[in-house]
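Below: start-v2.txt (compact mmCIF, C-alpha atoms and all ligand atoms)
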```
# COMPACT_ATOMS: atom_id res chain seq x y z
CA MET A 1 -18.78 -3.33 10.75
CA LYS A 2 -20.95 -0.25 11.06
CA VAL A 3 -24.25 -0.29 9.20
CA LYS A 4 -23.37 2.93 7.42
CA TYR A 5 -20.51 1.16 5.61
CA LEU A 6 -22.67 -1.73 4.44
CA PRO A 7 -23.70 0.06 1.23
CA ILE A 8 -20.03 0.74 0.42
CA ILE A 9 -19.04 -2.88 0.99
CA CYS A 10 -22.07 -4.06 -1.01
CA ILE A 11 -21.01 -1.80 -3.88
CA ILE A 12 -17.49 -3.25 -3.77
CA TYR A 13 -18.88 -6.81 -3.83
CA LEU A 14 -21.10 -5.89 -6.76
CA LEU A 15 -18.24 -4.29 -8.67
CA ILE A 16 -16.07 -7.32 -8.11
CA ALA A 17 -18.84 -9.71 -9.06
CA VAL A 18 -19.50 -7.76 -12.25
CA GLY A 19 -15.76 -7.54 -12.96
CA CYS A 20 -15.34 -11.29 -12.55
CA LYS A 21 -18.22 -12.02 -14.90
CA VAL A 22 -16.85 -9.75 -17.57
CA THR A 23 -13.15 -10.62 -17.49
CA ARG A 24 -12.59 -13.99 -15.78
CA HIS A 25 -14.61 -16.38 -17.91
CA PRO A 26 -15.45 -14.86 -21.26
CA LYS A 27 -17.80 -16.90 -23.44
CA ILE A 28 -15.29 -17.24 -26.24
CA VAL A 29 -16.07 -19.68 -28.99
CA ALA A 30 -12.76 -21.08 -30.17
CA THR A 31 -12.44 -21.37 -33.93
CA HIS A 32 -10.68 -23.93 -36.09
CA GLY A 33 -10.46 -22.64 -39.61
CA ASP A 34 -13.92 -21.54 -40.68
CA LYS A 35 -15.66 -23.99 -38.39
CA PRO A 36 -16.56 -22.70 -34.89
CA ASN A 37 -15.61 -25.02 -32.02
CA LYS A 38 -17.52 -25.44 -28.81
CA ALA A 39 -17.30 -22.69 -26.21
CA ILE A 40 -14.23 -22.88 -23.91
CA ASN A 41 -14.86 -25.31 -21.08
CA TYR A 42 -14.07 -23.62 -17.78
CA LYS A 43 -15.47 -26.35 -15.54
CA THR A 44 -14.17 -29.85 -16.22
CA TYR A 45 -10.39 -29.64 -15.64
CA ARG A 46 -9.56 -26.96 -13.10
CA SER A 47 -6.02 -26.78 -11.73
CA ALA A 48 -6.13 -27.61 -8.04
CA LYS A 49 -2.79 -26.25 -6.80
CA GLY A 50 -0.39 -25.14 -9.50
CA PHE A 51 -1.25 -21.44 -9.54
CA ASN A 52 -1.54 -18.46 -7.25
CA SER A 53 -2.87 -14.94 -7.23
CA ARG A 54 -0.90 -12.30 -9.11
CA ILE A 55 -1.66 -9.85 -6.30
CA HIS A 56 0.94 -9.80 -3.49
CA PHE A 57 0.93 -6.17 -2.33
CA LEU A 58 -1.41 -3.46 -1.14
CA VAL A 59 0.04 0.00 -1.71
CA MET A 60 -1.23 3.15 0.00
CA HIS A 61 -0.93 6.61 -1.50
CA TYR A 62 -2.12 10.14 -0.97
CA THR A 63 -3.13 12.13 -4.01
CA ALA A 64 -1.48 15.45 -2.96
CA CYS A 65 -4.44 17.34 -4.38
CA ASN A 66 -8.16 17.80 -3.84
CA PHE A 67 -10.90 15.43 -4.97
CA GLU A 68 -11.70 17.22 -8.24
CA ARG A 69 -8.10 17.23 -9.38
CA SER A 70 -7.48 13.68 -8.08
CA VAL A 71 -10.35 12.36 -10.19
CA LYS A 72 -9.07 14.16 -13.26
CA LEU A 73 -5.50 12.91 -12.82
CA LEU A 74 -6.47 9.34 -12.01
CA THR A 75 -9.11 8.90 -14.70
CA GLN A 76 -7.81 10.98 -17.57
CA GLY A 77 -4.05 11.23 -16.99
CA GLY A 78 -1.28 8.68 -17.40
CA VAL A 79 -1.67 7.39 -13.85
CA SER A 80 -4.42 5.49 -12.07
CA ALA A 81 -5.23 3.40 -9.02
CA HIS A 82 -7.70 0.66 -8.26
CA TYR A 83 -9.47 2.69 -5.59
CA LEU A 84 -9.94 6.33 -4.66
CA VAL A 85 -11.00 7.25 -1.13
CA PRO A 86 -12.20 10.88 -0.90
CA ASP A 87 -12.21 13.21 2.09
CA ILE A 88 -15.80 14.13 3.02
CA SER A 89 -14.70 17.60 4.17
CA ASP A 90 -13.13 18.41 0.77
CA SER A 91 -15.13 21.29 -0.78
CA THR A 92 -14.69 19.89 -4.30
CA PHE A 93 -16.16 16.56 -3.15
CA ILE A 94 -19.11 18.32 -1.49
CA ALA A 95 -19.58 20.48 -4.61
CA ARG A 96 -20.21 17.28 -6.59
CA GLY A 97 -23.23 16.63 -4.36
CA TYR A 98 -21.73 13.88 -2.20
CA LYS A 99 -22.82 13.86 1.42
CA GLU A 100 -21.36 10.60 2.75
CA GLN A 101 -18.03 8.81 2.65
CA GLU A 102 -17.56 6.98 -0.64
CA ILE A 103 -15.05 4.53 -2.07
CA PHE A 104 -14.62 4.72 -5.84
CA ASN A 105 -13.31 1.83 -7.93
CA LEU A 106 -11.36 3.31 -10.86
CA VAL A 107 -9.65 0.21 -12.29
CA ASP A 108 -10.75 -3.44 -12.12
CA GLU A 109 -8.64 -5.41 -9.67
CA GLN A 110 -7.77 -7.88 -12.45
CA ASP A 111 -6.22 -5.05 -14.41
CA ARG A 112 -2.91 -3.33 -13.77
CA ALA A 113 -3.34 0.19 -12.44
CA TRP A 114 -0.46 2.63 -12.92
CA HIS A 115 0.13 3.86 -9.39
CA ALA A 116 3.55 2.65 -8.27
CA GLY A 117 5.90 3.61 -11.11
CA VAL A 118 9.52 2.53 -10.70
CA SER A 119 9.30 0.58 -7.47
CA SER A 120 10.78 -2.27 -5.49
CA TRP A 121 10.02 -4.32 -2.39
CA GLY A 122 11.85 -7.45 -1.32
CA SER A 123 12.71 -9.46 -4.39
CA ARG A 124 10.05 -7.79 -6.54
CA THR A 125 10.25 -4.76 -8.79
CA ASN A 126 7.62 -2.89 -10.85
CA LEU A 127 4.95 -3.36 -8.24
CA ASN A 128 2.16 -2.24 -10.56
CA ASP A 129 2.26 -5.84 -11.84
CA THR A 130 1.48 -7.41 -8.48
CA SER A 131 -0.36 -4.87 -6.36
CA ILE A 132 -3.65 -3.21 -5.58
CA GLY A 133 -3.28 0.56 -5.26
CA ILE A 134 -5.40 2.76 -3.01
CA GLU A 135 -5.24 6.53 -3.52
CA ILE A 136 -6.44 8.60 -0.56
CA VAL A 137 -7.39 12.21 -1.18
CA ASN A 138 -5.13 14.43 0.91
CA THR A 139 -3.63 17.80 0.04
CA ALA A 140 -0.11 17.16 1.31
CA THR A 141 2.39 19.53 -0.26
CA GLU A 142 6.12 20.05 -0.50
CA LYS A 143 7.82 23.34 -1.27
CA ASP A 144 11.58 23.88 -1.07
CA SER A 145 11.91 20.57 0.80
CA ILE A 146 9.45 21.73 3.45
CA PHE A 147 6.54 19.33 3.81
CA TYR A 148 3.02 20.04 4.95
CA PHE A 149 1.04 16.92 5.83
CA PRO A 150 -2.63 17.56 6.68
CA ALA A 151 -4.40 14.95 8.82
CA PHE A 152 -6.63 12.39 7.13
CA HIS A 153 -10.33 12.63 7.93
CA PRO A 154 -11.41 9.91 10.44
CA GLU A 155 -14.25 8.79 8.15
CA GLN A 156 -11.77 8.42 5.32
CA ILE A 157 -9.52 6.23 7.47
CA LYS A 158 -12.49 4.07 8.47
CA ALA A 159 -13.27 3.61 4.79
CA VAL A 160 -9.62 2.71 4.03
CA LYS A 161 -9.69 0.12 6.82
CA ASN A 162 -12.91 -1.43 5.52
CA LEU A 163 -11.62 -1.47 1.98
CA ALA A 164 -8.23 -2.94 2.98
CA THR A 165 -9.89 -5.62 5.12
CA HIS A 166 -12.05 -6.57 2.17
CA VAL A 167 -9.08 -6.72 -0.22
CA LEU A 168 -7.08 -8.84 2.25
CA SER A 169 -9.94 -11.30 2.62
CA ARG A 170 -9.69 -12.01 -1.10
CA TYR A 171 -5.89 -12.01 -1.56
CA PRO A 172 -4.25 -14.27 1.03
CA ASP A 173 -0.81 -13.72 -0.56
CA ILE A 174 -0.77 -10.14 0.75
CA LYS A 175 1.25 -10.63 3.93
CA PRO A 176 1.41 -7.95 6.65
CA ILE A 177 4.84 -6.80 5.42
CA HIS A 178 3.37 -6.50 1.93
CA ILE A 179 1.00 -3.71 2.98
CA ILE A 180 3.16 -0.72 2.27
CA GLY A 181 3.28 2.92 1.28
CA HIS A 182 4.44 4.43 -1.97
CA SER A 183 7.32 5.93 0.03
CA ASP A 184 8.43 2.43 1.05
CA ILE A 185 8.70 1.12 -2.50
CA ALA A 186 9.97 4.34 -4.16
CA TRP A 187 11.72 6.03 -1.23
CA ASP A 188 14.07 8.08 -3.40
CA ARG A 189 11.20 10.11 -4.87
CA LYS A 190 8.00 9.63 -2.85
CA THR A 191 6.69 10.55 0.62
CA ASP A 192 3.12 9.25 0.44
CA PRO A 193 0.99 8.33 2.32
CA GLY A 194 3.07 10.42 4.77
CA PRO A 195 3.45 10.62 8.55
CA GLN A 196 -0.22 11.38 9.20
CA PHE A 197 -1.25 8.01 7.82
CA PRO A 198 -2.16 5.87 10.86
CA TRP A 199 -0.20 2.71 10.09
CA HIS A 200 -0.30 1.65 13.75
CA ASP A 201 -4.10 1.98 13.88
CA LEU A 202 -4.33 -0.12 10.74
CA TYR A 203 -2.07 -2.74 12.32
CA LEU A 204 -4.38 -2.88 15.35
CA ALA A 205 -7.24 -3.48 12.90
CA GLY A 206 -5.35 -6.44 11.38
CA ILE A 207 -3.91 -4.54 8.42
CA GLY A 208 -0.15 -4.43 7.90
CA ALA A 209 2.91 -4.89 10.10
CA TRP A 210 4.14 -3.29 13.32
CA PHE A 211 6.86 -4.10 15.84
CA ASP A 212 6.30 -5.40 19.37
CA ASP A 213 7.06 -2.76 22.00
CA GLU A 214 8.77 -5.18 24.37
CA THR A 215 11.26 -6.31 21.73
CA LYS A 216 11.81 -2.73 20.58
CA ASN A 217 12.54 -1.61 24.17
CA CYS A 218 15.12 -4.38 24.59
CA TYR A 219 16.97 -3.26 21.46
CA ALA A 220 16.71 0.39 22.52
CA GLU A 221 18.39 -0.50 25.85
CA GLU A 222 21.07 -2.48 24.07
CA TYR A 223 21.86 0.36 21.64
CA ALA A 224 21.87 2.89 24.49
CA CYS A 225 24.55 0.79 26.22
CA ASN A 226 26.61 -0.38 23.27
CA GLY A 227 25.97 2.27 20.63
CA LEU A 228 24.05 2.18 17.34
CA PRO A 229 24.58 -0.59 14.79
CA THR A 230 26.88 0.39 11.93
CA GLN A 231 25.39 1.85 8.75
CA ASP A 232 26.11 -1.43 6.95
CA THR A 233 24.14 -3.34 9.59
CA ILE A 234 21.25 -0.87 9.30
CA LEU A 235 21.26 -1.23 5.51
CA ASN A 236 21.22 -5.03 5.84
CA LEU A 237 18.23 -4.83 8.18
CA LEU A 238 16.36 -2.42 5.88
CA SER A 239 17.10 -4.68 2.91
CA LYS A 240 15.95 -7.78 4.78
CA TYR A 241 12.67 -6.06 5.66
CA GLY A 242 12.02 -5.16 2.01
CA TYR A 243 13.56 -1.78 1.20
CA ASN A 244 15.68 -1.47 -1.92
CA THR A 245 18.95 -0.30 -0.40
CA SER A 246 20.96 -0.44 -3.63
CA LEU A 247 20.30 3.26 -4.26
CA ALA A 248 21.50 4.35 -0.82
CA THR A 249 25.04 5.07 -1.93
CA THR A 250 25.45 8.63 -0.62
CA ASP A 251 24.78 10.33 2.72
CA ILE A 252 21.76 12.12 1.21
CA SER A 253 20.24 8.97 -0.29
CA TYR A 254 20.83 7.07 2.97
CA GLN A 255 18.97 9.85 4.79
CA LEU A 256 16.06 9.57 2.33
CA LEU A 257 15.91 5.83 2.93
CA VAL A 258 15.90 6.25 6.71
CA ARG A 259 13.24 8.95 6.35
CA ALA A 260 11.05 6.52 4.36
CA PHE A 261 11.33 3.98 7.17
CA GLN A 262 10.49 6.66 9.75
CA LEU A 263 7.49 7.91 7.73
CA HIS A 264 6.01 4.44 8.11
CA PHE A 265 7.24 3.21 11.50
CA TYR A 266 8.32 6.32 13.42
CA PRO A 267 6.06 9.10 12.12
CA GLN A 268 6.83 11.37 15.09
CA LYS A 269 10.32 11.83 13.65
CA TYR A 270 11.01 11.71 9.95
CA ASP A 271 14.21 13.72 9.62
CA GLY A 272 16.08 10.77 8.11
CA VAL A 273 18.63 10.74 10.94
CA MET A 274 19.26 7.28 12.38
CA ASP A 275 18.92 7.18 16.15
CA ILE A 276 18.40 4.60 18.89
CA GLU A 277 14.60 4.57 18.62
CA THR A 278 14.60 4.21 14.83
CA ALA A 279 17.22 1.45 14.91
CA ALA A 280 15.37 -0.37 17.70
CA ARG A 281 12.07 -0.23 15.78
CA LEU A 282 13.75 -1.56 12.64
CA THR A 283 15.50 -4.42 14.44
CA ALA A 284 12.30 -5.34 16.29
CA LEU A 285 10.42 -5.52 13.00
CA VAL A 286 13.03 -7.77 11.38
CA THR A 287 13.11 -9.97 14.51
CA LYS A 288 9.33 -10.32 14.39
CA TYR A 289 8.76 -10.89 10.68
CA PHE A 290 12.06 -12.61 9.76
CA PRO A 291 12.82 -14.77 12.80
CA ALA A 292 16.16 -16.57 12.77
CA LYS A 293 15.77 -20.22 11.77
CA GLY A 294 16.92 -23.10 13.91
ZN ZN A 301 1.77 7.62 -4.59
```
Let me see the file written as structure tokens.
Ligand SMILES: [Zn+2]
Amino acid sequence: MKVKYLPIICIIYLLIAVGCKVTRHPKIVATHGDKPNKAINYKTYRSAKGFNSRIHFLVMHYTACNFERSVKLLTQGGVSAHYLVPDISDSTFIARGYKEQEIFNLVDEQDRAWHAGVSSWGSRTNLNDTSIGIEIVNTATEKDSIFYFPAFHPEQIKAVKNLATHVLSRYPDIKPIHIIGHSDIAWDRKTDPGPQFPWHDLYLAGIGAWFDDETKNCYAEEYACNGLPTQDTILNLLSKYGYNTSLATTDISYQLLVRAFQLHFYPQKYDGVMDIETAARLTALVTKYFPAKG
């Protein structure tokens, strides 16, 4: 870890420590009628095994607007996220007097931030209940179905990696395949964090899932010889990996679903058209993370 990020990590630790003190063990004095009881005892009988963390997912977003507007939307609007990672080259961030990369905590991790909306991954829906949401300032836009995806600033990506690593160290139930984009869990209406988000770099840093090239190349050879899997087979593979395929009932919705997969795992091509490379990447992922039993 670079020294320059130590203050950021220290601030996160401090925020979490303060958050825990405030919300985890309140000094409530239970009452019985008019007579106050003793304070709640949090020490003597602690459950050893029969519980787990509510947090299972880490969801990445871009804000689709500059820092100033992102702050306004995420702190005063009807949406929010646990963390906001600004872009140090954003003029509205600089105008606020900031000179270094920052990570802002907007919502306590114990609370439910409203970042995912209607969403689904694997057997879970409404991922706000079970996720940590990271909003990354980026001015991606869409007009008349034409997308413009600006690159993320390298310092911003370093900060996202540090933040994600820190979150993962505290929530062991967040598996690699549970580190996902908004477009993965709401593919019919979302494109964030978009094709510029360096999912493969994050994977190399121990964050999230990626396929093995060797396996992918084998499947690519097989499909080149024998043809692509059928659409039903592709849908089964996407469903097995986590995507909600129940909405892919038309050619257009199927294309949106394939595009969501490509935005994450084949960002060089996100036209939503299934091809050998896309199918091979998908099959290699399922082979790696859902190996056949027996
Ligand atoms: Zn989003």
- Task: List all protein, DNA and RNA residues that have an atom no more than 8 Å from any atom of ligand ZN 301 (chain A), counting only C-alpha atoms and all ligand atoms, and report them as number ranges by chain.
- Result: A: 60-63, 115-116, 135, 181-183, 190-193
- Expressed in Å to a single decimal, how great is the separation between CA of Asn126 (chain A) and CA of His56 (chain A)?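 Computing it gives 12.1 Å between the two atoms.
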- Calculate how many Å separate CA of Ala95 (chain A) from CA of Val79 (chain A), rounding to one decimal.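 Between CA of Ala95 (chain A) and CA of Val79 (chain A) the gap is 24.0 Å.
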Could you work out an axis-aligned box for region 114-127 of chain A, taking every atom the file lists and adding 6 Å on each side, and report centre and edge lengths in Å to one decimal, as AutoDock Vina command-line options?
```
--center_x 6.1 --center_y -2.8 --center_z -7.1 --size_x 25.2 --size_y 25.3 --size_z 23.6
```
- Task: Find the residues around Ala209 (chain A) up to 8 Å (all atoms listed in the file counted), leave out those fewer than 5 positions away in its own chain, and share them as an NGL selection string.
- Result: :A and (176-177 or 179 or 203)
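Here CA of Leu204 (chain A) is placed at a distance of 20.0 Å from CA of Thr283 (chain A).
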- Contacts of region 251-266 of chain A at 6 Å or less, counting all atoms listed in the file, minus same-chain residues fewer than 6 places along, as a VMD selection string? chain A and resid 183 to 184 187 194 to 195 272
- Task: May I have the residues within 12 Å of Ile276 (chain A) as a list in words, using only C-alpha atoms and disregarding those fewer than 3 positions away in the same chain?
- Result: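 Non-adjacent residues within range: Lys216, Asn217, Cys218, Tyr219, Ala220, Glu221, Glu222, Tyr223, Ala224, Cys225, Asn226, Gly227, Leu228, Pro229, Thr230, Ile234, Tyr266, Val273, Ala279, Ala280, Arg281, Leu282, Thr283 and Ala284 of chain A.
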Dump of C-alpha atoms for the selected residues, as a compact mmCIF listing (two decimals), keeping the file's coordinate frame:
```
# COMPACT_ATOMS: atom_id res chain seq x y z
CA LYS A 216 11.81 -2.73 20.58
CA ASN A 217 12.54 -1.61 24.17
CA CYS A 218 15.12 -4.38 24.59
CA TYR A 219 16.97 -3.26 21.46
CA ALA A 220 16.71 0.39 22.52
CA GLU A 221 18.39 -0.50 25.85
CA GLU A 222 21.07 -2.48 24.07
CA TYR A 223 21.86 0.36 21.64
CA ALA A 224 21.87 2.89 24.49
CA CYS A 225 24.55 0.79 26.22
CA ASN A 226 26.61 -0.38 23.27
CA GLY A 227 25.97 2.27 20.63
CA LEU A 228 24.05 2.18 17.34
CA PRO A 229 24.58 -0.59 14.79
CA THR A 230 26.88 0.39 11.93
CA ILE A 234 21.25 -0.87 9.30
CA TYR A 266 8.32 6.32 13.42
CA VAL A 273 18.63 10.74 10.94
CA ALA A 279 17.22 1.45 14.91
CA ALA A 280 15.37 -0.37 17.70
CA ARG A 281 12.07 -0.23 15.78
CA LEU A 282 13.75 -1.56 12.64
CA THR A 283 15.50 -4.42 14.44
CA ALA A 284 12.30 -5.34 16.29
```
- Name the closest residue to Ser80 (chain A) among the candidates A:Ile40, A:Ile134, A:Leu163, A:Ile94; distances are taken between atoms, counting only C-alpha atoms. A:Ile134
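Proximity ranking of A:Asn37, A:Phe197, A:Leu84, A:Ile185 relative to Val118 (chain A) places A:Ile185 first, based on all atoms listed in the file.
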- May I have the residues within 8 Å of Lys240 (chain A) as a list in words, using all atoms listed in the file and disregarding those fewer than 3 positions away in the same chain? Gly122, Asn236, Leu237, Tyr243, Val286 and Phe290 of chain A
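You can rank A:Leu127, A:Val85, A:Val137, A:Leu58 by their closest distance to Ala186 (chain A) using all atoms listed in the file, and at the top of that list sits A:Leu127.
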Show me, as a PDB file with C-alpha atoms, keeping the file's coordinate frame, the residues that have an atom within 7 Å of Asn244 (chain A) when counting only C-alpha atoms, minus same-chain residues fewer than 5 positions from it.
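The file below, selection-v3.pdb, is the result:
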```pdb
ATOM      1  CA  SER A 120      10.780  -2.270  -5.490  1.00  0.00           C
ATOM      2  CA  TRP A 121      10.020  -4.320  -2.390  1.00  0.00           C
ATOM      3  CA  SER A 239      17.100  -4.680   2.910  1.00  0.00           C
TER       4      SER A 239
END
```
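Comparing A:Tyr171, A:Tyr270, A:Tyr42, A:Tyr289 by their smallest distance to Phe149 (chain A), the closest is A:Tyr270 (using all atoms listed in the file).
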- Query: Nearest to Gln196 (chain A): which of A:Gly242, A:Gly97, A:Pro267, A:Gly50 is it, counting all atoms listed in the file?
  - Reply: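 Smallest separation from Gln196 (chain A) among the options: A:Pro267.
Closest approach to Ile136 (chain A) among A:Arg170, A:Lys161, A:Arg112, A:His200: A:Lys161, based on all atoms listed in the file.
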Rebuild N, CA and C atoms on region 271-294 of chain A, as a JSON list (two decimals), in the frame of the given file?
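Result file out_22.json:
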```json
[["chain", "number", "residue", "atom", "x", "y", "z"],
["A", 271, "ASP", "N", 13.12, 12.88, 10.11],
["A", 271, "ASP", "CA", 14.21, 13.72, 9.62],
["A", 271, "ASP", "C", 15.28, 12.91, 8.87],
["A", 272, "GLY", "N", 15.12, 11.59, 8.84],
["A", 272, "GLY", "CA", 16.08, 10.77, 8.11],
["A", 272, "GLY", "C", 17.37, 10.52, 8.87],
["A", 273, "VAL", "N", 17.41, 10.94, 10.13],
["A", 273, "VAL", "CA", 18.63, 10.74, 10.94],
["A", 273, "VAL", "C", 18.44, 9.48, 11.78],
["A", 274, "MET", "N", 19.35, 8.53, 11.61],
["A", 274, "MET", "CA", 19.26, 7.28, 12.38],
["A", 274, "MET", "C", 19.55, 7.56, 13.85],
["A", 275, "ASP", "N", 18.70, 7.04, 14.71],
["A", 275, "ASP", "CA", 18.92, 7.18, 16.15],
["A", 275, "ASP", "C", 18.52, 5.87, 16.84],
["A", 276, "ILE", "N", 18.66, 5.84, 18.15],
["A", 276, "ILE", "CA", 18.40, 4.60, 18.89],
["A", 276, "ILE", "C", 16.98, 4.10, 18.67],
["A", 277, "GLU", "N", 16.00, 4.99, 18.75],
["A", 277, "GLU", "CA", 14.60, 4.57, 18.62],
["A", 277, "GLU", "C", 14.32, 4.00, 17.23],
["A", 278, "THR", "N", 14.82, 4.69, 16.20],
["A", 278, "THR", "CA", 14.60, 4.21, 14.83],
["A", 278, "THR", "C", 15.26, 2.85, 14.63],
["A", 279, "ALA", "N", 16.50, 2.71, 15.07],
["A", 279, "ALA", "CA", 17.22, 1.45, 14.91],
["A", 279, "ALA", "C", 16.52, 0.32, 15.68],
["A", 280, "ALA", "N", 16.03, 0.65, 16.89],
["A", 280, "ALA", "CA", 15.37, -0.37, 17.70],
["A", 280, "ALA", "C", 14.06, -0.82, 17.04],
["A", 281, "ARG", "N", 13.31, 0.14, 16.47],
["A", 281, "ARG", "CA", 12.07, -0.23, 15.78],
["A", 281, "ARG", "C", 12.36, -1.12, 14.57],
["A", 282, "LEU", "N", 13.38, -0.77, 13.82],
["A", 282, "LEU", "CA", 13.75, -1.56, 12.64],
["A", 282, "LEU", "C", 14.17, -2.98, 13.04],
["A", 283, "THR", "N", 15.02, -3.08, 14.03],
["A", 283, "THR", "CA", 15.50, -4.42, 14.44],
["A", 283, "THR", "C", 14.34, -5.25, 14.99],
["A", 284, "ALA", "N", 13.45, -4.61, 15.74],
["A", 284, "ALA", "CA", 12.30, -5.34, 16.29],
["A", 284, "ALA", "C", 11.39, -5.85, 15.18],
["A", 285, "LEU", "N", 11.25, -5.07, 14.13],
["A", 285, "LEU", "CA", 10.42, -5.52, 13.00],
["A", 285, "LEU", "C", 11.04, -6.73, 12.30],
["A", 286, "VAL", "N", 12.34, -6.65, 12.06],
["A", 286, "VAL", "CA", 13.03, -7.77, 11.38],
["A", 286, "VAL", "C", 12.98, -9.01, 12.27],
["A", 287, "THR", "N", 13.18, -8.83, 13.57],
["A", 287, "THR", "CA", 13.11, -9.97, 14.51],
["A", 287, "THR", "C", 11.74, -10.63, 14.45],
["A", 288, "LYS", "N", 10.70, -9.80, 14.37],
["A", 288, "LYS", "CA", 9.33, -10.32, 14.39],
["A", 288, "LYS", "C", 8.94, -11.02, 13.07],
["A", 289, "TYR", "N", 9.26, -10.38, 11.97],
["A", 289, "TYR", "CA", 8.76, -10.89, 10.68],
["A", 289, "TYR", "C", 9.77, -11.78, 9.93],
["A", 290, "PHE", "N", 11.03, -11.74, 10.37],
["A", 290, "PHE", "CA", 12.06, -12.61, 9.76],
["A", 290, "PHE", "C", 12.83, -13.31, 10.89],
["A", 291, "PRO", "N", 12.14, -14.14, 11.68],
["A", 291, "PRO", "CA", 12.82, -14.77, 12.80],
["A", 291, "PRO", "C", 13.95, -15.69, 12.33],
["A", 292, "ALA", "N", 15.03, -15.71, 13.12],
["A", 292, "ALA", "CA", 16.16, -16.57, 12.77],
["A", 292, "ALA", "C", 15.72, -18.02, 12.81],
["A", 293, "LYS", "N", 16.16, -18.80, 11.83],
["A", 293, "LYS", "CA", 15.77, -20.22, 11.77],
["A", 293, "LYS", "C", 16.68, -21.06, 12.66],
["A", 294, "GLY", "N", 16.11, -22.13, 13.20],
["A", 294, "GLY", "CA", 16.92, -23.10, 13.91],
["A", 294, "GLY", "C", 17.16, -22.81, 15.36]]
```
